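Participant: Got a structure for you, written out below as structure tokens; questions coming shortly.
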Amino acid sequence: MRLPPDSRRRLELAARVAAIALIAWMVVRALAPTARVEIDERSDSRSLGAALAQWTLAPVPTSVHLSLTQAPNARDRDWLRALGRAGVRVTWTGDSIAATVIEVAARTDPAGGVHAYVSAPAGSRATLSDAVGLLDSVAIGSGVNALTVPIASGALDLGARGEHARAAPPDSVLPRQIVVLGQAGWEGKFAIASLQERGWKVSSRLRVAPGIFATQGTPLPLDTSRAGVVVVLDTSAAAYAGAITAFERNGGGVVLAGNSALAPALRALAPGRIGARVPAASLSFASATPRRALGFYPIVSLAADAVALESRDGRVAAAARRVGAGRVVQLGYDETWRWRLAGSGDAPAAHRDYWSAVVSAAAYRATAPTGASIADAAPLASLYAALGPPTVSRAPLAIVGARLPWWMLALLAALLLGEWGSRRLRGAR
């Protein structure tokens, strides 16, 4: 049924008026602010705790910026991460935050205690405390900063430039027995004595003559379930090279002392080759460096993965490396017993401490039961992980209008196309 020309014109006019009205409505709706106005909040380190509670309540901000002088604690950091995952844009700046890190590891030593490895801005003065109080202070250098804590009560706290890193000590590790293999002599006698006096359980098999051995405890077979370290005093232990290699690759520790690394079967484990023996550089043990009165075999041509532990006059006297799952410590000294007998004052105690430190460096470390969890060992690094890197500038406050629904555009298109089509059908321009 064809509409009369007047009726068609009225419908076209109605469609045009409706389209103009709809366009006006869309413009007003797009420009007018609605309830979805972005709320931009700011805070600093002092007021962060109170601000977090406020930001979590309605109306929830869409943008948060923090100007920090200290890294937030673990609770506040997790709260900020939760706000970010809930849709809040969280940014921060904090150029003055000191990067402090602490790692605490149990000592493999009958005396117990822990090692604390710390880092802070180079040149700063840091303090180390536990739950009882101040333990020590250290001038932070550019290299490794390690402290030995004989007894720690609760978590350790590293403080530097107003920033604090905390880590709880792990459960203590019960050291396994030490096995000593080699030729019977003064070195073996006093190395065993010093380790036992320190509290280590020692088994040994020392060659007295061809086919004759002096055995203490149960040194063989070598097994990481019973032994933590095997000390090889000299080349006479080459007969056990296969067992020593298997023990080390399964996680056991090996100490190659004196000329033991000359044995071809043990050379593959050694951190380096042995050079010509260097005589003692001093006649007296009464000095700040008593081991200068000992001769030693220098360790040359270190392997690519080896680390020098002790040097004397440009020559490496002790080195270490990892092979398989275990550790190998190579010790150039072959007559440390002279230090114990010829030294003065606390020489026996120093000899004990030295041998205990050597075997501790190589000792098998079984996975210990998990102790107290890490409190906040690296606050600044944790802040980066939670919120990303700091921002130079923050986004300005923005007013955002409502989005236009799809049906408005569809209706507008229908009205305009309907009017245009009707005019074309009746021949009007």
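As shown in the structure tokens, the chain order sets the letters A, B, ...; within each chain, residues go from 1, and ligands are also counted from 1 in the order they appear.
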If you count only C-alpha atoms, which residues fall within 9 Å of Val358 (chain A), apart from same-chain ones fewer than 5 positions away, as a list in words?
Facilitator: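 So, after excluding close chain neighbours, the residues are Val255, Val329, Leu331, Asp353 and Ala363 of chain A.
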Participant: Could the residues in this selection be saved with N, CA and C atoms as an mmCIF file, in the first residue's frame?
Facilitator:
```cif
data_model
loop_
_atom_site.group_PDB
_atom_site.id
_atom_site.type_symbol
_atom_site.label_atom_id
_atom_site.label_comp_id
_atom_site.auth_asym_id
_atom_site.auth_seq_id
_atom_site.Cartn_x
_atom_site.Cartn_y
_atom_site.Cartn_z
ATOM 1 N N VAL A 255 87.700 -32.990 50.143
ATOM 2 C CA VAL A 255 88.829 -32.104 50.395
ATOM 3 C C VAL A 255 90.082 -32.813 49.899
ATOM 4 N N VAL A 329 87.023 -29.038 47.574
ATOM 5 C CA VAL A 329 87.934 -28.015 48.072
ATOM 6 C C VAL A 329 89.344 -28.571 47.949
ATOM 7 N N LEU A 331 93.243 -28.057 48.845
ATOM 8 C CA LEU A 331 94.053 -27.382 49.856
ATOM 9 C C LEU A 331 95.523 -27.677 49.575
ATOM 10 N N ASP A 353 89.747 -24.398 64.200
ATOM 11 C CA ASP A 353 88.826 -23.562 63.439
ATOM 12 C C ASP A 353 89.099 -23.663 61.933
ATOM 13 N N ALA A 363 81.166 -29.577 52.840
ATOM 14 C CA ALA A 363 80.255 -30.560 53.430
ATOM 15 C C ALA A 363 78.982 -30.750 52.625
#
```
Participant: Set the distance at 12 Å and use only C-alpha atoms: which residues neighbour Val323 (chain A) once local chain neighbours fewer than 6 positions away are removed? I'd like the list as a ChimeraX atom specification.
Facilitator: /A:244-254,268-271,303-306,329,362
Participant: Neighbours of Ala209 (chain A) within 10 Å (only C-alpha atoms; same-chain residues fewer than 5 positions away dropped), as an MDAnalysis selection string?
Facilitator: chainID A and resid 183:184 214
Participant: Calculated over only C-alpha atoms, which of the candidates A:Arg423, A:Arg176, A:Arg42, A:His164 has the smallest distance to Trp200 (chain A)?
Facilitator: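 Ranked by minimum distance to Trp200 (chain A), first place goes to A:Arg176.
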Participant: Using DSSP on the backbone coordinates, identify the residues of region 250-320 of chain A assigned to helix (DSSP H, G or I); present them as an MDAnalysis selection string.
Facilitator: chainID A and resid 260:262 264:267 290:293
Participant: Mind checking DSSP for region 7-134 of chain A and telling me the strand (DSSP E) residues as a count of residues only?
Facilitator: 33
Participant: Residues of region 148-262 of chain A that have any atom at most 12 Å from an atom of region 277-300 of chain A: could you tabulate them with the shortest-distance atom pair and the distance in Å to one decimal, using only C-alpha atoms, ordered by chain and increasing number, as CSV?
Facilitator:
```
residue,atom,partner,partner_atom,distance
A:Asp234,CA,A:Tyr297,CA,11.8
A:Leu256,CA,A:Ile299,CA,11.3
A:Ala257,CA,A:Tyr297,CA,9.3
A:Gly258,CA,A:Tyr297,CA,6.5
A:Asn259,CA,A:Tyr297,CA,7.0
A:Ser260,CA,A:Tyr297,CA,10.3
A:Ala261,CA,A:Ile299,CA,9.8
A:Leu262,CA,A:Tyr297,CA,10.6
```
Participant: Leu341 (chain A): which residues within 10 Å, counting only C-alpha atoms, same-chain residues fewer than 3 positions away excluded, as a ChimeraX atom specification?
Facilitator: /A:190,285,336-338,344,347-348,351
Participant: With distances taken over only C-alpha atoms, which residue among A:Ala193, A:Ala377, A:Ile140, A:Leu383 lies nearest Ala349 (chain A)?
Facilitator: A:Ala193
Participant: Can you work out the spacing between CA of Glu419 (chain A) and CA of Glu12 (chain A) in Å, to one decimal?
Facilitator: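 Straight-line distance from CA of Glu419 (chain A) to CA of Glu12 (chain A) works out to 5.0 Å.
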Participant: Do you know which residues are at most 9 Å from Leu380 (chain A) counting only C-alpha atoms, after dropping those on the same chain fewer than 5 positions away, and could you put them as a list in words?
Facilitator: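 Contacts, with the query itself left out: Gln70, Ala71, Pro72, Ile97, Ala98, Ala99, Thr100, Val101 and Ala385 of chain A.
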Participant: Would you compute the distance between CA of Arg226 (chain A) and CA of Arg107 (chain A)? Give it in Å to one decimal.
Facilitator: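 Calculated distance between CA of Arg226 (chain A) and CA of Arg107 (chain A) is 18.2 Å.
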Participant: Closest to Arg207 (chain A) among A:Pro175, A:Gly188, A:Gly421, A:Pro169, using only C-alpha atoms?
Facilitator: A:Gly188
Participant: Can you pull out the residues contacting region 215-222 of chain A? Cut-off 8 Å, using only C-alpha atoms, and skip same-chain residues under 3 positions away; I want them as a PDB file with C-alpha atoms, in the first residue's frame.
Facilitator:
```pdb
ATOM      1  CA  VAL A 179      86.018 -39.645  56.518  1.00  0.00           C
ATOM      2  CA  VAL A 180      89.821 -39.206  56.422  1.00  0.00           C
ATOM      3  CA  VAL A 202      85.436 -38.727  62.297  1.00  0.00           C
ATOM      4  CA  SER A 203      86.085 -42.122  60.715  1.00  0.00           C
ATOM      5  CA  SER A 204      89.438 -42.822  59.112  1.00  0.00           C
ATOM      6  CA  ARG A 205      91.473 -45.363  57.191  1.00  0.00           C
ATOM      7  CA  LEU A 206      95.190 -44.554  57.237  1.00  0.00           C
ATOM      8  CA  ARG A 226      76.381 -41.469  56.649  1.00  0.00           C
ATOM      9  CA  ALA A 227      79.231 -39.191  55.556  1.00  0.00           C
ATOM     10  CA  ALA A 243      84.304 -44.432  45.307  1.00  0.00           C
ATOM     11  CA  ILE A 244      85.374 -40.834  46.035  1.00  0.00           C
ATOM     12  CA  PHE A 247      80.426 -39.989  46.444  1.00  0.00           C
TER      13      PHE A 247
END
```
